[in-house]
Structures are given as C-alpha cells and as structure tokens.
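Below is target-v9.cif, holding mmCIF, C-alpha atoms.
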data_final
#
loop_
_atom_site.label_atom_id
_atom_site.label_comp_id
_atom_site.auth_asym_id
_atom_site.auth_seq_id
_atom_site.Cartn_x
_atom_site.Cartn_y
_atom_site.Cartn_z
CA MET A 1 98.58 115.39 97.20
CA ASN A 2 102.20 116.34 97.64
CA TYR A 3 104.41 115.67 94.63
CA LYS A 4 107.67 116.73 96.24
CA SER A 5 110.44 114.16 96.20
CA LEU A 6 111.02 111.78 99.08
CA THR A 7 114.35 110.71 100.47
CA ARG A 8 115.20 107.01 100.51
CA ARG A 9 114.74 107.06 104.28
CA ASN A 10 111.25 108.50 103.97
CA PHE A 11 110.47 106.10 101.14
CA LEU A 12 111.31 103.14 103.37
CA LYS A 13 109.41 104.67 106.27
CA GLN A 14 106.27 105.09 104.19
CA ALA A 15 106.66 101.73 102.52
CA THR A 16 106.05 100.00 105.84
CA THR A 17 102.41 101.04 105.74
CA LEU A 18 101.75 101.97 102.11
CA GLY A 19 99.95 105.06 103.35
CA ALA A 20 99.81 107.17 106.45
CA SER A 21 96.22 106.33 107.38
CA LEU A 22 95.23 103.17 105.51
CA PHE A 23 96.99 99.93 104.80
CA VAL A 24 96.17 96.52 103.33
CA LEU A 25 96.28 93.62 105.74
CA SER A 26 97.35 90.00 105.28
CA PRO A 27 100.51 90.26 103.13
CA ALA A 28 100.23 86.55 102.31
CA GLN A 29 97.21 87.36 100.20
CA LEU A 30 99.46 89.32 97.87
CA LEU A 31 101.41 86.20 96.87
CA ALA A 32 100.47 84.02 93.93
CA ASP A 33 98.74 80.77 94.87
CA SER A 34 100.15 77.99 92.71
CA LEU A 35 97.21 75.73 93.55
CA THR A 36 94.75 77.97 91.68
CA LYS A 37 94.50 79.29 88.16
CA ASN A 38 94.74 82.83 89.41
CA HIS A 39 97.94 84.79 89.83
CA ILE A 40 98.59 87.84 91.95
CA SER A 41 100.91 90.44 90.47
CA GLN A 42 101.92 93.63 92.19
CA GLU A 43 104.20 96.59 91.67
CA THR A 44 105.15 99.53 93.86
CA ARG A 45 106.46 102.89 92.69
CA LEU A 46 107.25 106.23 94.26
CA LEU A 47 104.87 108.74 92.67
CA MET A 48 102.99 111.86 93.78
CA GLY A 49 105.27 112.11 96.79
CA THR A 50 103.99 108.83 98.20
CA ILE A 51 104.04 105.06 97.74
CA VAL A 52 101.71 103.77 95.03
CA ASN A 53 101.04 100.04 95.01
CA ILE A 54 98.94 98.19 92.45
CA THR A 55 97.93 94.58 93.09
CA ALA A 56 96.02 92.65 90.42
CA LYS A 57 94.62 89.12 90.20
CA SER A 58 94.28 87.44 86.83
CA GLN A 59 94.42 84.00 85.25
CA SER A 60 97.31 85.32 83.17
CA LYS A 61 100.36 86.70 84.94
CA ILE A 62 101.45 88.48 81.76
CA GLN A 63 98.02 90.08 81.41
CA ALA A 64 98.11 91.36 84.99
CA GLU A 65 101.66 92.70 84.73
CA THR A 66 100.93 94.41 81.42
CA ALA A 67 97.79 96.04 82.82
CA ILE A 68 99.66 97.24 85.89
CA GLY A 69 102.36 98.80 83.72
CA LEU A 70 99.77 100.62 81.63
CA ALA A 71 98.01 101.84 84.78
CA PHE A 72 101.27 103.34 86.04
CA ASN A 73 101.75 105.01 82.65
CA GLU A 74 98.35 106.64 83.10
CA ILE A 75 99.26 107.84 86.58
CA GLU A 76 102.44 109.46 85.29
CA ARG A 77 100.54 111.11 82.42
CA LEU A 78 98.03 112.65 84.80
CA ILE A 79 100.72 113.86 87.20
CA ASP A 80 101.87 116.16 84.40
CA ILE A 81 98.49 117.86 84.62
CA PHE A 82 97.90 118.12 88.37
CA ASN A 83 101.37 118.51 89.90
CA ARG A 84 101.37 121.99 91.46
CA HIS A 85 105.07 121.66 92.34
CA SER A 86 106.12 121.42 88.68
CA SER A 87 106.41 124.61 86.62
CA SER A 88 105.80 122.59 83.45
CA SER A 89 102.53 120.96 84.56
CA VAL A 90 99.16 122.42 83.61
CA ILE A 91 98.41 123.45 87.20
CA GLY A 92 101.95 124.76 87.66
CA THR A 93 101.64 126.88 84.53
CA LEU A 94 98.25 128.23 85.61
CA ASN A 95 99.56 129.21 89.04
CA ALA A 96 102.68 130.85 87.60
CA GLN A 97 100.99 132.77 84.79
CA GLY A 98 97.54 133.31 86.24
CA LYS A 99 95.87 131.86 83.17
CA ILE A 100 95.91 128.97 80.71
CA LYS A 101 94.21 128.16 77.46
CA ASP A 102 93.03 124.79 76.18
CA ILE A 103 91.85 123.18 79.42
CA PRO A 104 92.58 119.41 79.42
CA VAL A 105 89.39 117.37 79.73
CA GLU A 106 90.81 115.70 82.85
CA LEU A 107 91.33 119.05 84.58
CA SER A 108 87.86 120.16 83.59
CA GLU A 109 86.36 117.00 85.07
CA VAL A 110 88.20 117.38 88.37
CA LEU A 111 87.35 121.08 88.65
CA THR A 112 83.67 120.32 88.03
CA ASN A 113 83.63 117.75 90.82
CA ALA A 114 85.66 120.03 93.10
CA GLN A 115 83.07 122.77 92.65
CA LYS A 116 80.31 120.38 93.73
CA ILE A 117 82.15 119.53 96.94
CA THR A 118 82.88 123.21 97.50
CA LEU A 119 79.19 124.11 97.30
CA SER A 120 78.06 121.24 99.52
CA SER A 121 80.64 122.14 102.19
CA ASN A 122 79.97 125.90 102.36
CA GLU A 123 83.33 126.44 100.63
CA MET A 124 85.31 124.62 103.31
CA PHE A 125 86.77 122.57 100.46
CA ASN A 126 88.51 125.40 98.64
CA PRO A 127 91.11 124.79 95.89
CA THR A 128 92.14 128.47 95.98
CA ILE A 129 93.85 127.91 99.35
CA GLU A 130 97.09 127.27 97.42
CA PRO A 131 98.87 130.59 98.21
CA LEU A 132 98.33 130.05 101.94
CA LEU A 133 99.39 126.41 101.74
CA ARG A 134 102.53 127.41 99.84
CA TYR A 135 103.27 130.07 102.46
CA TYR A 136 103.16 127.49 105.25
CA GLU A 137 105.30 125.08 103.23
CA THR A 138 108.02 127.68 102.71
CA HIS A 139 108.05 128.46 106.46
CA LYS A 140 108.25 124.84 107.57
CA THR A 141 110.58 124.44 110.54
CA ASN A 142 111.87 121.85 112.99
CA SER A 143 111.35 124.24 115.88
CA ALA A 144 108.35 124.18 118.18
CA LYS A 145 106.72 127.27 116.72
CA LEU A 146 106.04 128.27 113.15
CA ASN A 147 107.34 131.78 112.49
CA VAL A 148 104.55 133.27 110.39
CA SER A 149 102.98 136.70 110.11
CA SER A 150 99.31 137.07 111.03
CA SER A 151 98.99 140.02 108.64
CA GLU A 152 100.46 138.01 105.77
CA ILE A 153 98.14 135.11 106.55
CA LYS A 154 95.19 137.51 106.47
CA GLU A 155 96.23 138.80 103.04
CA LEU A 156 96.67 135.28 101.69
CA ARG A 157 93.29 134.21 103.05
CA GLU A 158 91.73 136.94 100.90
CA LEU A 159 93.17 135.20 97.83
CA ALA A 160 91.13 132.09 98.70
CA ASP A 161 88.31 133.33 96.53
CA LEU A 162 86.58 130.90 94.21
CA ASN A 163 84.57 133.69 92.61
CA SER A 164 87.85 135.09 91.26
CA VAL A 165 88.55 131.95 89.23
CA LYS A 166 87.15 132.47 85.74
CA ILE A 167 86.48 129.35 83.69
CA ASN A 168 85.09 129.56 80.17
CA ALA A 169 85.60 128.21 76.68
CA SER A 170 88.82 130.18 76.24
CA GLY A 171 90.50 128.77 79.35
CA ILE A 172 91.04 129.50 83.05
CA SER A 173 92.18 132.79 84.55
CA PHE A 174 92.56 134.39 87.97
CA ALA A 175 91.01 137.79 88.66
CA LYS A 176 93.42 138.53 91.52
CA GLN A 177 97.19 138.79 91.35
CA GLY A 178 98.95 136.08 93.33
CA MET A 179 96.15 133.55 93.27
CA GLY A 180 96.72 129.85 92.79
CA ILE A 181 94.82 126.59 93.00
CA THR A 182 95.65 123.24 94.50
CA LEU A 183 93.75 120.08 93.72
CA ASP A 184 95.77 118.05 96.21
CA GLY A 185 92.60 117.10 98.09
CA ILE A 186 90.89 115.49 95.11
CA ALA A 187 93.31 114.82 92.24
CA LYS A 188 95.09 111.83 93.79
CA GLY A 189 91.72 110.15 94.11
CA TYR A 190 90.88 110.98 90.51
CA ILE A 191 94.22 109.65 89.29
CA THR A 192 93.62 106.43 91.24
CA ASP A 193 90.22 106.03 89.58
CA MET A 194 91.73 106.57 86.13
CA ALA A 195 94.38 103.93 86.83
CA ALA A 196 91.59 101.55 87.82
CA LYS A 197 89.85 102.21 84.50
CA VAL A 198 93.02 101.16 82.69
CA LEU A 199 93.04 97.86 84.60
CA GLU A 200 89.38 97.27 83.73
CA LYS A 201 89.99 98.13 80.08
CA ASN A 202 92.69 95.47 80.02
CA GLN A 203 90.38 92.81 81.46
CA VAL A 204 91.70 92.91 85.02
CA HIS A 205 88.69 93.11 87.33
CA ASP A 206 90.17 91.94 90.63
CA TYR A 207 92.57 94.55 91.94
CA MET A 208 93.58 96.95 94.66
CA ILE A 209 95.27 100.31 94.08
CA ASN A 210 96.75 101.99 97.14
CA ALA A 211 97.99 105.50 96.41
CA GLY A 212 99.34 106.57 99.77
CA GLY A 213 96.09 105.83 101.59
CA ASP A 214 93.68 106.53 98.73
CA ILE A 215 92.51 102.98 98.03
CA LYS A 216 90.39 101.68 95.16
CA VAL A 217 89.34 98.02 95.08
CA SER A 218 87.38 95.71 92.84
CA GLY A 219 86.56 92.02 93.04
CA THR A 220 88.43 89.75 95.42
CA ASN A 221 91.91 88.89 96.63
CA ILE A 222 93.81 85.64 96.00
CA ASP A 223 91.60 83.83 98.52
CA SER A 224 88.46 84.98 96.67
CA GLN A 225 87.58 87.13 99.68
CA SER A 226 86.93 90.85 99.97
CA TRP A 227 89.98 93.04 100.38
CA ASN A 228 90.87 93.66 104.03
CA ILE A 229 91.84 97.26 104.75
CA GLY A 230 93.11 98.41 108.11
CA ILE A 231 92.48 101.95 109.30
CA ALA A 232 95.66 103.09 110.98
CA ASN A 233 95.61 104.14 114.60
CA PRO A 234 96.74 107.81 114.69
CA TYR A 235 97.72 107.39 118.33
CA GLN A 236 99.79 104.20 117.95
CA LYS A 237 101.98 103.79 114.88
CA GLY A 238 101.74 100.42 113.18
CA GLN A 239 98.41 99.57 114.79
CA SER A 240 94.93 99.64 113.28
CA VAL A 241 91.81 100.88 115.02
CA GLU A 242 89.47 99.04 112.71
CA THR A 243 89.45 96.71 109.73
CA ILE A 244 86.95 96.97 106.90
CA ARG A 245 86.23 94.63 104.01
CA LEU A 246 85.56 95.96 100.52
CA ASN A 247 85.07 94.27 97.17
CA GLN A 248 83.92 97.32 95.24
CA GLY A 249 84.50 100.99 95.87
CA ALA A 250 87.04 103.19 97.57
CA ILE A 251 88.26 104.50 100.90
CA ALA A 252 90.44 107.50 101.65
CA SER A 253 91.79 108.99 104.85
CA SER A 254 92.95 112.40 105.92
CA GLY A 255 94.00 114.00 109.17
CA GLY A 256 96.53 115.94 111.13
CA SER A 257 98.77 113.08 112.23
CA GLU A 258 101.22 113.59 109.35
CA ASN A 259 102.75 116.43 107.31
CA PHE A 260 103.39 118.92 110.09
CA PHE A 261 104.93 122.34 109.48
CA ASP A 262 106.50 122.55 112.94
CA SER A 263 107.33 120.29 115.89
CA SER A 264 104.36 121.54 117.92
CA LYS A 265 102.16 119.56 115.52
CA GLN A 266 99.61 122.36 115.59
CA ASN A 267 100.05 123.28 111.92
CA ASN A 268 99.70 120.80 109.07
CA HIS A 269 98.69 120.52 105.43
CA LEU A 270 94.98 120.79 106.27
CA ILE A 271 94.08 124.49 106.34
CA ASN A 272 90.72 126.03 107.13
CA PRO A 273 90.17 128.69 104.42
CA TYR A 274 88.21 130.89 106.85
CA THR A 275 90.73 130.91 109.70
CA GLY A 276 93.99 130.02 107.96
CA LYS A 277 94.62 127.45 110.70
CA SER A 278 94.72 123.66 110.87
CA PRO A 279 91.88 121.65 112.47
CA ASN A 280 92.24 119.71 115.70
CA ILE A 281 91.50 116.30 114.20
CA ALA A 282 93.45 113.05 114.38
CA SER A 283 92.05 111.11 111.43
CA VAL A 284 89.03 110.76 109.18
CA SER A 285 88.23 107.93 106.77
CA VAL A 286 85.59 108.00 104.06
CA VAL A 287 84.12 105.13 102.04
CA ALA A 288 82.62 106.10 98.68
CA PRO A 289 81.85 104.59 95.26
CA ASN A 290 84.98 106.14 93.74
CA THR A 291 88.31 107.36 95.06
CA MET A 292 87.93 110.93 93.83
CA LEU A 293 84.82 111.40 95.95
CA ALA A 294 86.35 109.61 98.94
CA ASP A 295 89.49 111.76 98.69
CA ALA A 296 87.61 115.05 98.45
CA LEU A 297 85.18 114.21 101.23
CA ALA A 298 87.97 113.05 103.54
CA THR A 299 89.74 116.38 103.04
CA THR A 300 86.52 118.29 103.59
CA ILE A 301 85.22 116.61 106.74
CA ALA A 302 88.66 116.83 108.34
CA LEU A 303 88.13 120.61 108.25
CA LEU A 304 84.51 120.66 109.39
CA PRO A 305 83.18 120.45 112.95
CA THR A 306 82.33 116.82 113.67
CA SER A 307 78.56 117.35 113.70
CA SER A 308 78.69 119.14 110.33
CA ALA A 309 80.96 116.45 108.91
CA ILE A 310 78.58 113.67 109.92
CA LYS A 311 75.65 115.62 108.48
CA LEU A 312 77.42 116.09 105.14
CA ILE A 313 78.21 112.39 104.84
CA ASN A 314 74.69 111.36 105.84
CA GLN A 315 73.38 113.61 103.06
CA THR A 316 75.76 112.21 100.43
CA PRO A 317 74.46 108.93 98.93
CA ASN A 318 76.55 105.76 99.20
CA THR A 319 79.18 107.26 101.49
CA ALA A 320 80.23 106.62 105.08
CA CYS A 321 82.81 108.03 107.46
CA LEU A 322 84.79 107.33 110.60
CA ILE A 323 86.14 110.31 112.57
CA LEU A 324 88.82 110.02 115.24
CA GLU A 325 89.32 113.17 117.28
CA ASN A 326 92.51 114.08 119.10
CA SER A 327 90.63 113.57 122.36
CA GLY A 328 90.33 109.88 121.49
CA GLU A 329 86.60 110.05 120.78
CA ARG A 330 85.24 108.05 117.83
CA PHE A 331 82.33 109.13 115.63
CA THR A 332 80.72 107.45 112.61
CA SER A 333 78.06 108.30 110.08
CA ALA A 334 74.78 106.39 110.12
CA THR A 335 75.97 104.33 107.15
CA TRP A 336 79.42 103.32 108.42
CA ASN A 337 78.46 99.81 109.58
CA GLN A 338 76.52 99.25 106.36
CA LEU A 339 79.21 100.25 103.86
CA ALA A 340 82.43 99.56 105.74
#
Could you quickly redo this structure as structure tokens?
Amino acid sequence: MNYKSLTRRNFLKQATTLGASLFVLSPAQLLADSLTKNHISQETRLLMGTIVNITAKSQSKIQAETAIGLAFNEIERLIDIFNRHSSSSVIGTLNAQGKIKDIPVELSEVLTNAQKITLSSNEMFNPTIEPLLRYYETHKTNSAKLNVSSSEIKELRELADLNSVKINASGISFAKQGMGITLDGIAKGYITDMAAKVLEKNQVHDYMINAGGDIKVSGTNIDSQSWNIGIANPYQKGQSVETIRLNQGAIASSGGSENFFDSSKQNNHLINPYTGKSPNIASVSVVAPNTMLADALATTIALLPTSSAIKLINQTPNTACLILENSGERFTSATWNQLA
C-alpha cells in the first residue's frame, strides 16, 4: 500500500482499470436501472496512492450514497493509522521514534493477523522489511540499473527482524536502531474490509469495493448476478487473462508488473527479506473470505517459489490462487476452479 500522492496523469492512467491487476467488467452494470426498484450508486476517490471505487445497490439512492460517504470516512480515518509515509500517522510515528504507546485496536488487529501470515510463510511475509523498502524507494531511477550498495542492503536486511519488535501492554518498541515496519501488504485489505462493514451497518448488502485491485464484494450487481471481475493480463495491458464471478468474499492481486524502481524492471516493491531482491513473478491473484487475508496472501505467495505458494494456499481454508509467471506459465491451487 503506497500512500504517496499521484499526479493527475497517473490518476487518469490508473482510473482506466481501477487497479493494476484486477478490474470490474461490464460498466453498464454500474448504471441505475430505472425499470427496477434498485439503484446503483458509485463514487471514486484517490486514496492510499490508488483509485478507490465503491459501488452499492440499494432500493434507496439516498441510503446508498450516504453509506458510501460513511465508508469513505472510515477509509480516511484508518489511513491516519497505517500510512507509513506520513510522520503524523501511528505507523509513521512508530518508525520515526522507534516506539509508541497506546496501540490503536485497529493496529493491534492487523499486527496479530500479520504475525499469523508471517509464521505460516516462514517469515517471507515480513513487516520489518520497511528500511530496505524505503532504501529502494529513495534510490528509484529512470535509468536501466538501480545504483545501490550491496553492503548497505546487507545491513538493512539485518533490520528485518521480527524478534526485535516488542509488543506489550505499554505499547510497541523496536530493539534495534533504524528499524521500521510496513503494513502495506495487509493494511489496504483490512481498510477495505472495514469500509465494507460500514456499508453493512447502514443496510447496504449488495456492493463492490475496489481499492486499487483489492476487491471486496457482497450480494449481486444491478442485474442480480454475481460480480464479474477480470484478472488483468500482465503481458498485455487492458486485457484480462481470466474472469471470475463472486457474490461474497474478496480477491487481491500482487506482482512485479507495476511499481518498478528502475527501467530494467528487475527491482520492484516486492522484496524478499532473505535476499533483499525482487521475485521473478508476473502476477498472483488470491481469493479469500476477506480482503485482509487475500491481500496478505497475495503479497506472500508473490515472494515464494511457486510450489511453496501453491502448498500454502492449499493448506489455508477457503482460499484459492492463480499464479502467472514471467515465462508465461499458469499455475492454480486445487481450489481455484471451486472458489473463483
């Protein structure tokens, strides 16, 4: 989850797909049908460094629009907790000072779930990768080769140490100078789930939230059909490799086809905590009961060898995955055709 600002050009570029790896098909379904009692309302905002679109179906247009507005308010509230790019956010304060008191319940919940994914993935999902990620971000270049120091990368890799994060009743602290955490690989999914809860609380049960490719759906679209979601083709922009239908649950994608640090496209926002390098993967998509889990698993399996990724998904109940390698090969979990 990158909260940095986007230019208008990038905004328009991203708006064409509403997410780098996932997009909702059939735009006509997003229009209100005057022949039915149901109305479709939707709103799009630039948040978390991406395009966030909320579409809701309700018998009352006012009810849907009010619920959408409240859901966006919740998203903005949670950004103030998880935005690592803001010095005033909870995560920003923790990274700057090395400690915080009074842990927000939302942060505690996300950290608890992050720890579960970390353990199940042999620490491949590692929130303490933040110093290394920040190092790459500050060295981003338009040239073909990223000018980084192997010795500095080695030092920063040593800061990726979950055992040096101390969490107790008095707060969170880092045992090593220079440490930091990033919840980019899980927090956007959590925020999407919390926005969905706001819609449900306000009696909107048919909706789709698309937060830059982290998608949460419930119920049906204007045609009383499941939501159609296209998985973007990482090799051909604007094309989909597959379409899935969901009426309950979530899907999230991750991969190395976006967010490069140099023009060679060998270094991107996905960083293996053991090697300090980016994986050679085109795209992964994960279906799960909630967006937080889908988001975290998508980040994780993008870093794992394909066989290990498939094994992890097969061992995680009610989840499925599609993996597209840079070679063009396609792999799925045993449950992909059942859940997707």
Of the listed residues A:Gly178, A:Gly185, A:Pro104, A:Gly255, that which approaches A:Asn233 most closely, counting all atoms listed in the file: A:Gly255
Draw an axis-aligned box tight on the listed atoms of stretch 206-214 of chain A, then pad every side by 4 Å and write out centre and edge lengths in Å to one decimal as AutoDock Vina command-line options.
--center_x 94.8 --center_y 99.3 --center_z 96.1 --size_x 17.2 --size_y 22.6 --size_z 19.0
Residues matched by the PyMOL selection byres ((chain A and resi 96) around 12), written as a ChimeraX atom specification: /A:84-95,97-100,130-131,173-174,177-181
9 Å contact set for A:Ala320, all atoms listed in the file, chain neighbours under 2 positions out, as a list in words: Ser285, Val286, Val287, Ala288, Ile310, Ile313, Asn314, Thr316, Pro317, Asn318, Leu322, Thr332, Ser333, Ala334, Thr335, Trp336, Asn337, Gln338, Leu339 and Ala340 of chain A
Same residues, C-alpha atoms, output as a compact mmCIF listing (two decimals), in the frame of the given file:
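Result file is selection.txt:
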# COMPACT_ATOMS: atom_id res chain seq x y z
CA SER A 285 88.23 107.93 106.77
CA VAL A 286 85.59 108.00 104.06
CA VAL A 287 84.12 105.13 102.04
CA ALA A 288 82.62 106.10 98.68
CA ILE A 310 78.58 113.67 109.92
CA ILE A 313 78.21 112.39 104.84
CA ASN A 314 74.69 111.36 105.84
CA THR A 316 75.76 112.21 100.43
CA PRO A 317 74.46 108.93 98.93
CA ASN A 318 76.55 105.76 99.20
CA LEU A 322 84.79 107.33 110.60
CA THR A 332 80.72 107.45 112.61
CA SER A 333 78.06 108.30 110.08
CA ALA A 334 74.78 106.39 110.12
CA THR A 335 75.97 104.33 107.15
CA TRP A 336 79.42 103.32 108.42
CA ASN A 337 78.46 99.81 109.58
CA GLN A 338 76.52 99.25 106.36
CA LEU A 339 79.21 100.25 103.86
CA ALA A 340 82.43 99.56 105.74
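With all atoms listed in the file taken into account, the protein and nucleic acid residues at most 8 Å from stretch 114-116 of chain A (excluding it and anything under 2 positions from it in its own chain) are Val110, Leu111, Thr112, Thr118, Leu119, Ser120, Phe125, Pro127, Ile186 and Ala296 of chain A.
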Pick from A:Thr138, A:Asn113, A:Asn210, A:Thr300 nearest to A:Pro273, counting all atoms listed in the file: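 Smallest distance to A:Pro273 is found for A:Thr300.
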Residue nearest A:Ser149 - candidates A:Gly276, A:Asn326, A:Ile271, A:Asn126, atoms counted: all atoms listed in the file: A:Gly276
Nearest to A:Asn221, chosen from A:Gln248, A:Ser263, A:Asn280, A:Thr275, with all atoms listed in the file counted in the distances: A:Gln248
Residues returned when the PyMOL selection byres ((chain A and resi 167-171) around 7) runs on this file, as a PyMOL selection string: chain A and resi 100-103+165-166+172-173
The PyMOL selection byres ((chain A and resi 157) around 8) applied to the shown file, residues as a count of residues only: 13
Best match for closeness to A:Gly189 among A:Ile117, A:Ile62, A:Val204, A:Ala211, counting only C-alpha atoms: A:Ala211
Shortest interatomic distance to A:Ile323 - which of A:Ser308, A:Thr50, A:Thr182, A:Asn247, counting only C-alpha atoms: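 Going through A:Ser308, A:Thr50, A:Thr182, A:Asn247 one by one, the smallest distance to A:Ile323 is for A:Ser308.
Of note, atom CA of A:Tyr136 and atom CA of A:Val148 are spaced 7.9 Å apart.
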Straight-line distance linking atom CA of A:Ile54 with atom CA of A:Ile231, stated in Å to one decimal: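 So the two atoms, atom CA of A:Ile54 and atom CA of A:Ile231, lie 18.4 Å apart.
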Atomic separation - atom CA of A:Leu47 relative to atom CA of A:Thr220, Å: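 These two atoms are separated by 25.3 Å.
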